[in-house]
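Colleague: Questions regarding the structure given below will be posed in turn.
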Amino acid sequence: MKKHNFSAGPCILPEEVLQKASEAIINFNNDNLSLIEISHRSKPFVQVIEKARSLALELLGLENKGYQALFLQGGASFQFLMTAYNLLNKKAAYLNTGTWSSNAIKEAKLFGDLVEVATSKDKNFNYIPKNYTVPTDVDYFHCTSNNTIYGTQIKSFPSVSVPMICDMSSDIFSRQLDFSQFDLIYAGAQKNMGPAGATLVVVKEDILGKVERTIPSMLNYQLHIAKESMFNTPPVFSVYVSMLTLEWLKDLGGIKFIEKVNEQKSALLYHEIDRNPLFKGVVEKEDRSHMNATFTLTDASLTEKFDTLWKEANINGLHGHRSAGGYRASMYNALPLYSVQALVDVMQELERKA
Ligand SMILES: *Cc1c(COP(=O)(O)O)cnc(C)c1O
């Protein structure tokens with residue numbers, strides 16, 4: 001039986017997507033060739049990447065609004081510098097909500113002055129700062145929508161007069177937002193979309209072309225757009241699986257549908273964390289992530305018992321990030337509600353046996 005997979009990334013993908021992907025590895029399109037041994041310029045693959053790009057825009061509600069979707073390489077970490085390279089002339093503003101924002105800030109500092117508008121570092125990133133001001137004389141404002149490691153999520157984004165860039169690696173396609181409030185969104189595929197190796201970048205074209213520096217080809221969004229995301233060989237397998245996942249999501253009813261499921265899943269788990277005296281949530285309630293729930297045992301001496309119980313219950317990937325400790329249950333789009341129920345059952349079993 002497939003394990004209940006709470007892994008934070010790479011992470012669970014829909015069963016039917018894995019099935020189709022494995023078939024395409026052997027025989028893609030009934031053409032007696034593997035997906036990964038044909039030219040990326042062949043018609044069947046060009047259709048795949050075109051479909052993936054258009055589905056991404058469609059699901060985000062950004063078709064015909066001046067946005068382009070690209071599938072690039074180098075992970076979200078590469079976007080930390082690529083965004084700055086393309087958009088940072090003199091000064092940019094960043095909201096620091098955790099490890100990933102801090103890493104983005106570190107890279108961007110190589111290209112200009114940074115204003116950290118607020119940080120939650122004082123409390124080990126267990127909340128989302130609010131009521132900060134974004135200066136108007138900056139080239140852009142950057143934030144991280146979901147703090148994968150600590151388990152917080154921005155529920156309401158500031159309205160700013162400068163372009164807004166968002167790292168949505170761990171919650172893209174999970175909840176309804178007005179995505180047109182962002183001018184650039186990026187997300188590594190391996191959290192909610194596909195295997196590692198591709199990074200989705202959705203960018204509003206009119207913010208590009210405004211920096212003074214010369215941009216190397218591989219770093220240049222405008223060039224990738226002109227080449228329709230095929231400037232060089234794209235990560236074909238990762239793009240294909242991402243396309244399958246986006247099709248799966250569209251067939252289910254899109255973000256509107258999955259958001260409801262995600263709310264049910266996180267409500268079920270957080271309710272148990274709050275009810276069960278053996279567990280404690282790590283972050284401020286109002287800022288809790290619907291994707292990554294972080295919690296600890298109130299009595300550390302139960303660690304071994306709990307770890308044995310959830311492993312016996314066929315659960316995978318519950319340990320917290322190596323920098324945060326405790327437990328983290330990642331409930332991405334493809335995780336079924338019954339997996340969360342399985343975890344809740346184990347938490348209740350611990351309460352009975354402790
Ligand atoms: C995982 C993650 C990253 C890093 O992604 P890579 O693809 O490994 O570079 C960046 N930001 C967020 C929010 C993440 O969850």
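Residues are referred to by chain and number: the chain letter is A, B, ... according to the order shown in the structure tokens, the number counts from 1 in that chain, and ligands are numbered separately from 1 in the order shown.
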Report as number ranges by chain which protein, DNA and RNA residues come within 7 Å of ligand 1, using only C-alpha atoms and all ligand atoms.

Modeller: A: 9, 74-78, 100, 144, 146-148, 167-170, 188, 191, 196

Colleague: I need the residues of stretch 32-280 of chain A that end up classed as strand (DSSP E or B) by DSSP on the backbone, written out as a tab-separated table (two decimals) with C-alpha atoms, in the first residue's frame.

Modeller:
chain	number	residue	atom	x	y	z
A	67	TYR	CA	1.88	37.57	-18.42
A	68	GLN	CA	4.19	34.86	-19.72
A	69	ALA	CA	4.81	31.47	-18.11
A	70	LEU	CA	8.28	29.93	-18.35
A	71	PHE	CA	9.72	26.62	-17.19
A	72	LEU	CA	13.32	27.30	-16.22
A	91	LYS	CA	17.17	49.38	-4.41
A	92	ALA	CA	14.62	46.69	-3.57
A	93	ALA	CA	12.43	45.89	-0.57
A	94	TYR	CA	12.13	42.42	0.99
A	95	LEU	CA	9.91	40.93	3.65
A	96	ASN	CA	11.86	38.39	5.69
A	113	ASP	CA	20.67	48.10	-1.87
A	114	LEU	CA	18.14	46.16	0.12
A	115	VAL	CA	15.50	47.38	2.51
A	116	GLU	CA	14.22	44.68	4.85
A	117	VAL	CA	10.72	46.06	5.48
A	118	ALA	CA	10.08	43.66	8.36
A	119	THR	CA	11.27	40.36	9.76
A	141	PHE	CA	8.94	44.37	-3.32
A	142	HIS	CA	9.68	40.67	-2.72
A	143	CYS	CA	7.88	38.29	-0.38
A	144	THR	CA	7.52	34.54	0.25
A	146	ASN	CA	4.37	30.28	2.30
A	147	ASN	CA	7.17	29.65	4.74
A	152	THR	CA	3.54	30.21	8.26
A	153	GLN	CA	1.62	31.62	5.30
A	164	MET	CA	5.47	42.74	-6.39
A	165	ILE	CA	7.52	39.54	-6.68
A	166	CYS	CA	6.50	36.43	-4.81
A	167	ASP	CA	8.23	33.12	-4.12
A	184	LEU	CA	6.41	38.02	-11.00
A	185	ILE	CA	5.69	34.68	-9.34
A	186	TYR	CA	8.16	31.82	-9.15
A	187	ALA	CA	7.91	28.30	-7.81
A	188	GLY	CA	10.14	25.26	-7.85
A	199	THR	CA	10.89	26.10	-11.92
A	200	LEU	CA	7.76	27.90	-13.02
A	201	VAL	CA	8.17	31.62	-13.55
A	202	VAL	CA	5.10	33.71	-14.32
A	203	VAL	CA	6.10	37.23	-15.23
A	204	LYS	CA	4.32	40.34	-16.41
A	279	PHE	CA	0.73	18.28	20.94
A	280	LYS	CA	1.41	21.95	20.47

Colleague: Restricting the calculation to only C-alpha atoms: of A:Ile255, A:Ala52, A:Ile154, A:Ile149, which residue gets closest to A:Asn124?

Modeller: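 Looking at the shortest contact to A:Asn124, the residue is A:Ile149.
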
Colleague: Per DSSP on the backbone, filter stretch 59-171 of chain A down to the residues in helix (DSSP H, G or I) and report them as a PDB file with C-alpha atoms, in the first residue's frame.

Modeller:
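states.pdb, written as the output of this step:
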ATOM      1  CA  LEU A  59      -5.298  28.113 -13.582  1.00  0.00           C
ATOM      2  CA  LEU A  60      -3.915  31.349 -12.115  1.00  0.00           C
ATOM      3  CA  GLY A  75      15.231  25.736  -8.725  1.00  0.00           C
ATOM      4  CA  ALA A  76      13.628  28.531  -6.774  1.00  0.00           C
ATOM      5  CA  SER A  77      17.092  29.280  -5.384  1.00  0.00           C
ATOM      6  CA  PHE A  78      18.208  30.360  -8.838  1.00  0.00           C
ATOM      7  CA  GLN A  79      15.278  32.770  -9.009  1.00  0.00           C
ATOM      8  CA  PHE A  80      16.622  34.508  -5.891  1.00  0.00           C
ATOM      9  CA  LEU A  81      19.357  35.941  -8.079  1.00  0.00           C
ATOM     10  CA  MET A  82      17.638  35.910 -11.469  1.00  0.00           C
ATOM     11  CA  THR A  83      14.829  38.180 -10.242  1.00  0.00           C
ATOM     12  CA  ALA A  84      17.358  40.647  -8.857  1.00  0.00           C
ATOM     13  CA  TYR A  85      19.523  40.460 -11.965  1.00  0.00           C
ATOM     14  CA  ASN A  86      16.582  41.368 -14.201  1.00  0.00           C
ATOM     15  CA  LEU A  87      14.763  43.843 -11.993  1.00  0.00           C
ATOM     16  CA  THR A  99      15.034  30.760   5.614  1.00  0.00           C
ATOM     17  CA  TRP A 100      13.943  31.121   1.990  1.00  0.00           C
ATOM     18  CA  SER A 101      13.338  34.869   2.232  1.00  0.00           C
ATOM     19  CA  SER A 102      16.696  35.252   3.971  1.00  0.00           C
ATOM     20  CA  ASN A 103      18.383  33.381   1.150  1.00  0.00           C
ATOM     21  CA  ALA A 104      16.640  35.572  -1.427  1.00  0.00           C
ATOM     22  CA  ILE A 105      17.834  38.679   0.424  1.00  0.00           C
ATOM     23  CA  LYS A 106      21.399  37.390   0.524  1.00  0.00           C
ATOM     24  CA  GLU A 107      21.497  36.928  -3.254  1.00  0.00           C
ATOM     25  CA  ALA A 108      19.791  40.216  -4.107  1.00  0.00           C
ATOM     26  CA  LYS A 121      13.341  36.514  13.037  1.00  0.00           C
ATOM     27  CA  ASP A 122      12.907  37.796  16.614  1.00  0.00           C
ATOM     28  CA  LYS A 123      10.506  34.894  17.264  1.00  0.00           C
TER      29      LYS A 123
END

Colleague: Which residues, written as an MDAnalysis selection string, have at least one atom at most 12 Å from A:Glu58, with only C-alpha atoms counted and residues fewer than 2 positions away on the same chain left out?

Modeller: chainID A and resid 51:56 60:65 67:69 173 179 202 246:247 249:250 254:255

Colleague: Those same residues, written as a CSV table (one decimal), in the first residue's frame with N, CA, C and O atoms?

Modeller:
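Okay, this is what ended up in again-v7.csv:
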chain,number,residue,atom,x,y,z
A,51,LYS,N,1.4,23.4,-23.6
A,51,LYS,CA,0.2,23.1,-22.8
A,51,LYS,C,0.5,23.4,-21.3
A,51,LYS,O,-0.3,24.0,-20.6
A,52,ALA,N,1.7,23.1,-20.9
A,52,ALA,CA,2.1,23.4,-19.5
A,52,ALA,C,2.1,24.9,-19.2
A,52,ALA,O,1.6,25.3,-18.2
A,53,ARG,N,2.6,25.6,-20.2
A,53,ARG,CA,2.7,27.1,-20.0
A,53,ARG,C,1.3,27.7,-20.0
A,53,ARG,O,0.9,28.6,-19.2
A,54,SER,N,0.4,27.2,-20.9
A,54,SER,CA,-0.9,27.8,-21.0
A,54,SER,C,-1.8,27.4,-19.8
A,54,SER,O,-2.6,28.2,-19.3
A,55,LEU,N,-1.7,26.1,-19.4
A,55,LEU,CA,-2.4,25.7,-18.2
A,55,LEU,C,-2.1,26.5,-17.0
A,55,LEU,O,-2.9,26.8,-16.1
A,56,ALA,N,-0.8,26.8,-16.8
A,56,ALA,CA,-0.3,27.5,-15.6
A,56,ALA,C,-1.0,28.9,-15.6
A,56,ALA,O,-1.6,29.3,-14.6
A,60,LEU,N,-4.2,30.2,-13.0
A,60,LEU,CA,-3.9,31.3,-12.1
A,60,LEU,C,-4.8,32.5,-12.5
A,60,LEU,O,-4.8,33.6,-11.9
A,61,GLY,N,-5.6,32.3,-13.6
A,61,GLY,CA,-6.5,33.4,-14.1
A,61,GLY,C,-5.7,34.6,-14.7
A,61,GLY,O,-6.0,35.7,-14.6
A,62,LEU,N,-4.6,34.2,-15.3
A,62,LEU,CA,-3.7,35.3,-15.8
A,62,LEU,C,-3.6,35.3,-17.4
A,62,LEU,O,-2.6,35.9,-17.9
A,63,GLU,N,-4.5,34.6,-18.0
A,63,GLU,CA,-4.4,34.6,-19.5
A,63,GLU,C,-4.8,36.0,-20.1
A,63,GLU,O,-5.7,36.7,-19.5
A,64,ASN,N,-4.1,36.3,-21.1
A,64,ASN,CA,-4.4,37.6,-21.8
A,64,ASN,C,-4.3,38.8,-20.9
A,64,ASN,O,-5.1,39.8,-21.0
A,65,LYS,N,-3.4,38.7,-20.0
A,65,LYS,CA,-3.2,39.9,-19.1
A,65,LYS,C,-1.8,40.4,-19.1
A,65,LYS,O,-1.3,41.0,-18.2
A,67,TYR,N,0.9,38.5,-19.1
A,67,TYR,CA,1.9,37.6,-18.4
A,67,TYR,C,2.4,36.5,-19.3
A,67,TYR,O,1.7,36.1,-20.3
A,68,GLN,N,3.6,36.0,-19.0
A,68,GLN,CA,4.2,34.9,-19.7
A,68,GLN,C,4.6,33.8,-18.7
A,68,GLN,O,5.0,34.2,-17.6
A,69,ALA,N,4.4,32.6,-19.0
A,69,ALA,CA,4.8,31.5,-18.1
A,69,ALA,C,6.0,30.8,-18.7
A,69,ALA,O,6.0,30.5,-19.9
A,173,PHE,N,-1.0,27.3,-6.7
A,173,PHE,CA,-2.1,26.4,-7.1
A,173,PHE,C,-2.8,25.8,-5.9
A,173,PHE,O,-3.5,24.8,-6.1
A,179,PHE,N,-4.1,36.7,-8.5
A,179,PHE,CA,-2.7,36.6,-8.9
A,179,PHE,C,-2.2,37.8,-9.7
A,179,PHE,O,-1.0,37.9,-9.8
A,202,VAL,N,6.2,33.0,-13.6
A,202,VAL,CA,5.1,33.7,-14.3
A,202,VAL,C,5.4,35.2,-14.2
A,202,VAL,O,5.5,35.7,-13.1
A,246,LEU,N,-1.0,19.8,-13.7
A,246,LEU,CA,-1.9,20.9,-14.0
A,246,LEU,C,-3.2,20.5,-14.6
A,246,LEU,O,-4.3,21.0,-14.4
A,247,GLU,N,-3.1,19.5,-15.5
A,247,GLU,CA,-4.3,18.9,-16.2
A,247,GLU,C,-5.2,18.3,-15.1
A,247,GLU,O,-6.4,18.4,-15.1
A,249,LEU,N,-5.3,19.0,-12.0
A,249,LEU,CA,-6.0,20.0,-11.2
A,249,LEU,C,-7.1,20.7,-11.9
A,249,LEU,O,-8.2,20.9,-11.3
A,250,LYS,N,-6.9,20.9,-13.2
A,250,LYS,CA,-8.0,21.6,-14.0
A,250,LYS,C,-9.2,20.7,-14.0
A,250,LYS,O,-10.3,21.1,-13.8
A,254,GLY,N,-10.0,22.9,-10.7
A,254,GLY,CA,-9.0,24.1,-10.5
A,254,GLY,C,-8.8,24.4,-9.1
A,254,GLY,O,-9.1,23.7,-8.2
A,255,ILE,N,-8.2,25.6,-8.9
A,255,ILE,CA,-7.8,26.1,-7.6
A,255,ILE,C,-9.0,26.2,-6.7
A,255,ILE,O,-8.9,25.9,-5.5

Colleague: Between A:Asn314, A:Ser34, A:Thr136, A:Ser156, which has the minimum distance to A:Lys3 (counting only C-alpha atoms)?

Modeller: A:Asn314

Colleague: Kindly indicate which residue among A:Gly253, A:Pro216, A:Pro277, A:Gly320 lies nearest to A:Asp299, using only C-alpha atoms for the distances.

Modeller: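 Of A:Gly253, A:Pro216, A:Pro277, A:Gly320, the one nearest A:Asp299 is A:Pro277, counting only C-alpha atoms.
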
Colleague: With only C-alpha atoms as the atoms that count, which of A:Asp178, A:Glu272, A:Glu284, A:Glu312 lies nearest to A:Met347?

Modeller: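 For A:Met347, the nearest of the candidates is A:Glu272.
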
Colleague: Of the residues A:Glu205, A:Asp31, A:Glu50, A:Glu15, which is the one nearest to A:Met243, using only C-alpha atoms?

Modeller: A:Glu50

Colleague: Which neighbours of A:Gly326 fall inside 8 Å, counting only C-alpha atoms, when residues of the same chain fewer than 2 positions from it are skipped, and could you give them as number ranges by chain?

Modeller: A: 294-297, 319-321, 324, 328

Colleague: For each of A:Ser242, A:Asn316, A:Ser39, A:Ser159, take the minimum atom-to-atom distance to A:Val17, counting only C-alpha atoms, then give the residue where this is smallest.

Modeller: A:Ser242
